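Chemist: After the structure tokens below, expect a handful of questions from me.
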Amino acid sequence: MLIWFLPVFLVFLLIGLPVFFGLLAAPGLLLWLNGQEKDITLLYRNVYNGMDSFPLMAIPFFMLAGELMNKGGITLRLVEFSQALMGHLRGGLAHVNILSSMLFAGLSGSAVADTSALGSMLIPAMEKQGYTRRFAAAITAASSVIGPIIPPSGIMIIYAYVMGESVAALFLAGIVPGVMVGIGLMLMVKVMANKYDLPKAQRIVNPGQTLAPVEYWFSFVVLRANLAALFTTLAGLIGGVAGFEDLSTTTTLLLFVVFLVVSHFLLWNLRSAVSEDFRVVCKKAVAPLQTPIIILGGILLGVFTPTEAAAVAVAYALVIGFFVLHSIKVSEIPGVLNRAGITSAVVLLLVGAAMAFKTVVSLSHAPEIMAEFVLTLSENPLILLFLINLLLFVVGMFLDAGPAIIILGPILGPIFVNLGVDPIHFAIIMSVNLTIGLATPPMGLVLFVAASVSRERVETIAKAILPFLAVEIAVIFLITYIPALSMTIPRLTGFAQ
């Protein structure tokens, strides 16, 4: 009888019960009807146990870092930087919207935060430039799903917690799929721009900007250090591929110093090739774009865990906001903490309820039943991956990505690992698919956020978003059947076999 937990849960969702209560009411009701009152106590105790986890502490820290960055005017700087790079193209603001989402993904890891922060700024600007409101809302919703794919990602933290995988490996595996989604959306905009004669936009948002001395010198030093570190890392990777021994600490430091000098002269020679306004806009983007570099760099070098990386991101956001950009006031901190706390509470409550829901999944022997059923369909992993992608896409239409991962991950993951699919590869397939579900009708969360921001009906946004969803579905199948797209970076860095 317990096997009916999922249909009962779906019925509760259809009658309008909030997901949190549905996740608890469905299994609780079935346990009571099955005469297992003692297990009901275990079910609700697991709500707390599901949240009481060190890895999950990364989620509120990343939420707080995103709020601090947004409050400190970081969103505007990223939009201006994107417009400086892409604004001159046909359909310029649509390209700016997508690139801004890719950059913002490295700060918040949240599709909802992306839609809210960028949508409130870019949707009115696009409408003023001549775009229809539904098109502006649709491209905002479609590009916002990049947020949980490019690291850091709250969804991947949840998957790693549930399935016992490496957070760092999942973060690295999400880089290429996230970039592919962004490039695919830009190509679709280019096609639509030529067909529908979309307007251009100015390259620079606000000409004549100035830069404070502290920010100037910060960007001066950091930009050169980043380039030198990149060149040093590439030298190490090339040496490893060529069969040389790993670089010693002394050799690495010497190379870094040499590349630091090279980076300085490269950047100095580029000064004459661009305008002063372009240089200022790029320099203003250096401080916020340092956040994902600190997070990923610290994790890869073993300096800190993902949870500690999230705390470091918060500290960095505070330092930048108070001392470099001077864009945050002490009086604004309580409001930032309040918003981050509410958002984190929603996510963690869903995680706790889903972990309790997972208790009934194990009691019902659903994984074994599902495995037997799946294997009756076919024993070919390629066909099964196609069918599972369809299933995940449908699930993503109705269920938020976090609870869906916790419910379905323990059921589907072992099946495909036993069929020879790499666990990190399957994690990316599942995470990307369910993330894109956030923008799919009828219950895609970011569709409702975009509708709220744009004051446009959800139905009209859902129609306008269909070409962009087609691109994202194509990316899902590419990363499904070409594992190297997501697995190359984790393998090169030693986080996957």
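Residues in the structure tokens are named by chain (A, B, ... in the order shown) and by number from 1 within that chain; ligands are numbered from 1 in the order shown.
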Skip Gln83 of chain A itself and residues of its chain fewer than 3 positions away, then list as a PyMOL selection string all residues within 6 Å of it, counting only C-alpha atoms.
Modeler: chain A and resi 80+86-87+96+203
Chemist: Go ahead and save the picked residues with all heavy atoms, as a short mmCIF file (atom, residue, chain, number, x, y, z; two decimals), in the first residue's frame.
Modeler:
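Below you can see selection_14.cif, which holds the result:
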```
data_model
loop_
_atom_site.label_atom_id
_atom_site.label_comp_id
_atom_site.auth_asym_id
_atom_site.auth_seq_id
_atom_site.Cartn_x
_atom_site.Cartn_y
_atom_site.Cartn_z
N GLU A 80 25.82 46.12 -16.89
CA GLU A 80 26.61 47.08 -17.67
C GLU A 80 27.78 46.41 -18.37
O GLU A 80 28.11 46.72 -19.52
CB GLU A 80 27.10 48.21 -16.77
CG GLU A 80 25.99 49.14 -16.30
CD GLU A 80 26.51 50.24 -15.39
OE1 GLU A 80 27.63 50.10 -14.86
OE2 GLU A 80 25.80 51.25 -15.24
N MET A 86 28.05 42.81 -25.34
CA MET A 86 27.07 42.25 -26.27
C MET A 86 26.04 43.26 -26.78
O MET A 86 25.28 42.95 -27.69
CB MET A 86 26.30 41.11 -25.59
CG MET A 86 27.15 40.06 -24.90
SD MET A 86 28.04 39.01 -26.04
CE MET A 86 26.71 38.14 -26.83
N GLY A 87 26.00 44.45 -26.20
CA GLY A 87 24.89 45.36 -26.47
C GLY A 87 24.79 45.84 -27.90
O GLY A 87 23.73 46.28 -28.34
N VAL A 96 22.32 40.55 -23.77
CA VAL A 96 22.76 41.07 -22.47
C VAL A 96 22.07 40.32 -21.34
O VAL A 96 22.69 39.98 -20.33
CB VAL A 96 22.47 42.59 -22.38
CG1 VAL A 96 22.66 43.09 -20.95
CG2 VAL A 96 23.38 43.36 -23.33
N ARG A 203 26.20 50.07 -26.75
CA ARG A 203 27.26 49.23 -26.20
C ARG A 203 27.50 49.57 -24.73
O ARG A 203 27.64 48.70 -23.90
CB ARG A 203 28.56 49.43 -26.99
CG ARG A 203 29.69 48.57 -26.46
CD ARG A 203 30.98 48.86 -27.21
NE ARG A 203 30.95 48.26 -28.54
CZ ARG A 203 31.30 47.01 -28.80
NH1 ARG A 203 31.68 46.20 -27.82
NH2 ARG A 203 31.26 46.52 -30.01
#
```
Chemist: Quick one: which segment 43-155 of chain A residues come within 8 Å of segment 176-197 of chain A, and what is the nearest atom pair for each with the distance in Å to one decimal, counting only C-alpha atoms, rows ordered by chain and ascending number, as a tab-separated table?
Modeler:
```
residue	atom	partner	partner_atom	distance
A:Arg90	CA	A:Ala193	CA	6.0
A:Gly91	CA	A:Ala193	CA	5.4
A:Ala94	CA	A:Val189	CA	7.0
A:His95	CA	A:Met186	CA	5.9
A:Ile98	CA	A:Gly182	CA	6.2
A:Leu99	CA	A:Gly182	CA	7.1
A:Met102	CA	A:Gly182	CA	6.8
A:Ser143	CA	A:Gly182	CA	6.9
A:Ile146	CA	A:Gly178	CA	5.5
A:Ile149	CA	A:Gly178	CA	5.2
A:Ile150	CA	A:Gly178	CA	5.1
```
Chemist: What does the distance from atom CA of His326 of chain A to atom CA of Ser100 of chain A come to in Å, to one decimal?
Modeler: 22.4 Å
Chemist: Find the residue from A:Ala142, A:Leu390, A:Leu223, A:Ile489 that sits nearest to Gly119 of chain A; use only C-alpha atoms when measuring.
Modeler: A:Ala142
Chemist: Which polymer residues have any atom within 8 Å of an atom of Gly147 of chain A, counting only C-alpha atoms, with same-chain residues fewer than 5 positions away left out, as a list in words?
Modeler: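 Once the adjacent positions are removed, what remains is Ser101, Met102, Phe104, Ala105, Gly106, Ser108, Gly109, Ser110, Ala111, Asp114 and Ser153 of chain A.
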Chemist: Would you mind telling me which residue in A:Leu325, A:Ile342, A:Ala404, A:Ile299 lies nearest to Thr435 of chain A when using only C-alpha atoms?
Modeler: A:Ala404
Chemist: Can you tell me, as a tab-separated table (two decimals) with all heavy atoms, in the first residue's frame, what residues are no more than 8 Å from segment 445-447 of chain A when counting only C-alpha atoms, ignoring any on the same chain fewer than 3 positions away?
Modeler:
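Okay, around-v9.tsv is ready:
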```
chain	number	residue	atom	x	y	z
A	111	ALA	N	17.90	30.24	-9.62
A	111	ALA	CA	17.13	30.71	-10.77
A	111	ALA	C	16.13	31.79	-10.36
A	111	ALA	O	15.90	32.76	-11.10
A	111	ALA	CB	16.40	29.54	-11.42
A	112	VAL	N	15.54	31.63	-9.19
A	112	VAL	CA	14.54	32.61	-8.71
A	112	VAL	C	15.21	33.95	-8.45
A	112	VAL	O	14.69	35.01	-8.84
A	112	VAL	CB	13.84	32.09	-7.45
A	112	VAL	CG1	12.93	33.16	-6.86
A	112	VAL	CG2	13.05	30.83	-7.76
A	115	THR	N	15.95	35.60	-11.83
A	115	THR	CA	14.75	36.16	-12.46
A	115	THR	C	14.31	37.45	-11.79
A	115	THR	O	13.96	38.43	-12.45
A	115	THR	CB	13.60	35.14	-12.42
A	115	THR	OG1	14.05	33.90	-12.95
A	115	THR	CG2	12.41	35.63	-13.22
A	138	ALA	N	10.03	36.15	-21.21
A	138	ALA	CA	10.36	34.78	-21.60
A	138	ALA	C	11.86	34.56	-21.64
A	138	ALA	O	12.36	33.54	-21.13
A	138	ALA	CB	9.75	34.47	-22.98
A	141	ALA	N	13.16	34.40	-18.04
A	141	ALA	CA	12.87	33.12	-17.39
A	141	ALA	C	13.73	32.00	-17.96
A	141	ALA	O	14.26	31.17	-17.21
A	141	ALA	CB	11.39	32.79	-17.55
A	144	SER	N	17.37	32.30	-16.82
A	144	SER	CA	17.58	32.21	-15.37
A	144	SER	C	17.89	30.79	-14.92
A	144	SER	O	18.49	30.60	-13.85
A	144	SER	CB	16.34	32.72	-14.62
A	144	SER	OG	15.25	31.84	-14.80
A	400	ASP	N	9.25	21.15	-7.83
A	400	ASP	CA	10.49	21.91	-7.71
A	400	ASP	C	11.69	20.97	-7.76
A	400	ASP	O	11.61	19.80	-7.35
A	400	ASP	CB	10.48	22.70	-6.41
A	400	ASP	CG	11.59	23.73	-6.36
A	400	ASP	OD1	11.73	24.49	-7.33
A	400	ASP	OD2	12.32	23.76	-5.36
A	438	LEU	N	12.15	24.28	-14.09
A	438	LEU	CA	11.72	25.49	-13.39
A	438	LEU	C	11.11	26.51	-14.34
A	438	LEU	O	10.39	27.41	-13.91
A	438	LEU	CB	12.92	26.13	-12.66
A	438	LEU	CG	13.54	25.34	-11.51
A	438	LEU	CD1	14.83	25.99	-11.06
A	438	LEU	CD2	12.55	25.26	-10.34
A	439	ALA	N	11.42	26.39	-15.64
A	439	ALA	CA	10.91	27.36	-16.61
A	439	ALA	C	9.85	26.76	-17.52
A	439	ALA	O	9.49	27.37	-18.53
A	439	ALA	CB	12.07	27.90	-17.46
A	440	THR	N	9.36	25.56	-17.19
A	440	THR	CA	8.37	24.90	-18.05
A	440	THR	C	6.97	25.05	-17.47
A	440	THR	O	6.78	24.94	-16.27
A	440	THR	CB	8.69	23.40	-18.21
A	440	THR	OG1	8.81	22.80	-16.92
A	440	THR	CG2	9.98	23.21	-18.97
A	441	PRO	N	5.99	25.31	-18.34
A	441	PRO	CA	4.60	25.34	-17.85
A	441	PRO	C	4.15	23.92	-17.52
A	441	PRO	O	4.75	22.96	-18.01
A	441	PRO	CB	3.85	25.91	-19.07
A	441	PRO	CG	4.72	25.60	-20.25
A	441	PRO	CD	6.12	25.60	-19.75
A	450	ALA	N	8.73	35.55	-13.14
A	450	ALA	CA	8.82	36.44	-14.30
A	450	ALA	C	7.49	37.16	-14.54
A	450	ALA	O	7.47	38.35	-14.90
A	450	ALA	CB	9.24	35.66	-15.53
A	451	ALA	N	6.38	36.44	-14.35
A	451	ALA	CA	5.06	37.06	-14.52
A	451	ALA	C	4.84	38.15	-13.49
A	451	ALA	O	4.29	39.22	-13.79
A	451	ALA	CB	3.97	36.00	-14.41
A	458	VAL	N	1.05	34.49	-17.12
A	458	VAL	CA	1.91	33.30	-17.23
A	458	VAL	C	1.68	32.59	-18.56
A	458	VAL	O	2.63	32.10	-19.19
A	458	VAL	CB	1.62	32.34	-16.06
A	458	VAL	CG1	2.39	31.03	-16.25
A	458	VAL	CG2	2.01	32.97	-14.74
A	461	ILE	N	3.65	34.24	-21.38
A	461	ILE	CA	5.09	33.98	-21.23
A	461	ILE	C	5.40	32.55	-21.62
A	461	ILE	O	6.41	32.27	-22.28
A	461	ILE	CB	5.54	34.25	-19.78
A	461	ILE	CG1	5.31	35.72	-19.41
A	461	ILE	CG2	7.02	33.92	-19.60
A	461	ILE	CD1	5.61	36.04	-17.95
A	462	ALA	N	4.50	31.62	-21.23
A	462	ALA	CA	4.72	30.20	-21.55
A	462	ALA	C	4.76	29.96	-23.06
A	462	ALA	O	5.55	29.14	-23.55
A	462	ALA	CB	3.62	29.35	-20.91
```
Chemist: Using only C-alpha atoms, which residue out of A:Gln209, A:Thr249, A:Asn389, A:Ser219 lies closest to Glu276 of chain A?
Modeler: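 Using only C-alpha atoms, the shortest distance to Glu276 of chain A belongs to A:Gln209.
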Chemist: Per DSSP on the backbone, what are the alpha helix (DSSP H) residues of segment 255-399 of chain A, as a PyMOL selection string?
Modeler: chain A and resi 255-270+276-300+306-319+333-363+366-377+381-398
Chemist: Save the residues we just selected, C-alpha atoms, as a compact mmCIF listing (two decimals), in the first residue's frame?
Modeler:
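Contents of out09.txt, freshly written:
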```txt
# COMPACT_ATOMS: atom_id res chain seq x y z
CA LEU A 255 55.94 30.54 -13.31
CA PHE A 256 53.29 32.62 -11.56
CA VAL A 257 55.70 35.56 -11.18
CA VAL A 258 56.73 35.30 -14.85
CA PHE A 259 53.13 35.14 -16.01
CA LEU A 260 52.24 38.05 -13.71
CA VAL A 261 54.68 40.23 -15.66
CA VAL A 262 53.38 38.88 -18.98
CA SER A 263 49.77 39.57 -17.90
CA HIS A 264 50.64 43.15 -17.01
CA PHE A 265 52.09 43.87 -20.44
CA LEU A 266 49.23 42.12 -22.22
CA LEU A 267 46.62 44.19 -20.40
CA TRP A 268 48.65 47.37 -20.84
CA ASN A 269 48.82 46.83 -24.61
CA LEU A 270 45.05 46.25 -24.74
CA GLU A 276 38.04 54.62 -21.59
CA ASP A 277 34.34 53.93 -20.89
CA PHE A 278 34.77 50.28 -21.87
CA ARG A 279 37.79 49.92 -19.56
CA VAL A 280 35.93 51.44 -16.61
CA VAL A 281 32.90 49.18 -17.08
CA CYS A 282 35.14 46.09 -17.26
CA LYS A 283 37.09 47.15 -14.15
CA LYS A 284 33.85 47.63 -12.22
CA ALA A 285 32.91 44.02 -12.99
CA VAL A 286 36.18 42.58 -11.62
CA ALA A 287 35.18 42.66 -7.94
CA PRO A 288 31.86 40.78 -8.30
CA LEU A 289 33.25 38.28 -10.80
CA GLN A 290 35.92 37.34 -8.28
CA THR A 291 33.29 35.50 -6.20
CA PRO A 292 33.03 32.31 -8.32
CA ILE A 293 36.82 32.30 -8.74
CA ILE A 294 37.29 32.33 -4.96
CA ILE A 295 34.66 29.62 -4.45
CA LEU A 296 35.88 27.22 -7.13
CA GLY A 297 39.56 28.01 -6.65
CA GLY A 298 39.40 27.40 -2.91
CA ILE A 299 37.53 24.12 -3.33
CA LEU A 300 39.82 22.82 -6.09
CA PRO A 306 32.01 23.87 -0.24
CA THR A 307 30.28 24.96 2.98
CA GLU A 308 33.34 26.92 4.07
CA ALA A 309 33.56 28.34 0.54
CA ALA A 310 30.01 29.66 0.92
CA ALA A 311 30.96 31.35 4.20
CA VAL A 312 34.05 32.84 2.55
CA ALA A 313 31.79 34.17 -0.24
CA VAL A 314 29.69 35.97 2.38
CA ALA A 315 32.81 37.46 3.99
CA TYR A 316 34.09 38.55 0.57
CA ALA A 317 30.72 40.15 -0.29
CA LEU A 318 30.79 42.11 2.99
CA VAL A 319 34.37 43.30 2.44
CA ILE A 333 22.22 44.50 6.88
CA PRO A 334 19.12 43.47 8.94
CA GLY A 335 16.95 43.60 5.82
CA VAL A 336 19.49 41.54 3.87
CA LEU A 337 19.66 38.94 6.66
CA ASN A 338 15.87 38.80 6.84
CA ARG A 339 15.45 38.15 3.10
CA ALA A 340 18.24 35.57 3.03
CA GLY A 341 16.79 33.86 6.13
CA ILE A 342 13.30 33.57 4.65
CA THR A 343 14.59 32.24 1.32
CA SER A 344 16.88 29.75 3.05
CA ALA A 345 14.09 28.62 5.38
CA VAL A 346 11.85 27.79 2.42
CA VAL A 347 14.58 25.73 0.75
CA LEU A 348 15.65 23.91 3.92
CA LEU A 349 12.07 23.11 4.95
CA LEU A 350 11.53 21.54 1.53
CA VAL A 351 14.75 19.57 1.91
CA GLY A 352 13.74 18.39 5.40
CA ALA A 353 10.26 17.36 4.23
CA ALA A 354 11.69 15.61 1.17
CA MET A 355 14.18 13.68 3.32
CA ALA A 356 11.27 12.57 5.52
CA PHE A 357 9.40 11.62 2.35
CA LYS A 358 12.47 9.57 1.38
CA THR A 359 11.91 7.47 4.53
CA VAL A 360 8.64 6.16 3.10
CA VAL A 361 10.32 5.61 -0.27
CA SER A 362 12.71 3.18 1.41
CA LEU A 363 9.97 1.51 3.48
CA ALA A 366 9.91 1.65 -4.44
CA PRO A 367 13.53 1.69 -5.72
CA GLU A 368 13.53 -2.08 -6.24
CA ILE A 369 10.09 -2.03 -7.88
CA MET A 370 11.10 0.86 -10.14
CA ALA A 371 14.38 -0.85 -11.10
CA GLU A 372 12.53 -4.02 -12.12
CA PHE A 373 10.00 -2.00 -14.12
CA VAL A 374 12.65 0.09 -15.91
CA LEU A 375 14.66 -2.98 -16.88
CA THR A 376 11.55 -4.57 -18.40
CA LEU A 377 11.33 -1.64 -20.83
CA PRO A 381 21.26 2.35 -21.38
CA LEU A 382 20.85 4.80 -24.32
CA ILE A 383 17.14 4.05 -24.68
CA LEU A 384 16.62 4.14 -20.91
CA LEU A 385 18.39 7.52 -20.66
CA PHE A 386 16.03 8.87 -23.33
CA LEU A 387 12.98 7.61 -21.41
CA ILE A 388 14.29 8.91 -18.08
CA ASN A 389 14.90 12.33 -19.62
CA LEU A 390 11.26 12.40 -20.69
CA LEU A 391 10.18 11.37 -17.18
CA LEU A 392 12.36 14.00 -15.51
CA PHE A 393 11.14 16.69 -17.88
CA VAL A 394 7.51 15.90 -17.02
CA VAL A 395 8.30 15.77 -13.29
CA GLY A 396 10.05 19.15 -13.58
CA MET A 397 6.83 20.68 -14.93
CA PHE A 398 5.06 20.02 -11.64
```
Chemist: Rounded to one decimal in Å, what is the spacing between atom CA of Leu301 of chain A and atom CA of Phe426 of chain A?
Modeler: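 About the pair atom CA of Leu301 of chain A and atom CA of Phe426 of chain A: they are 25.1 Å apart.
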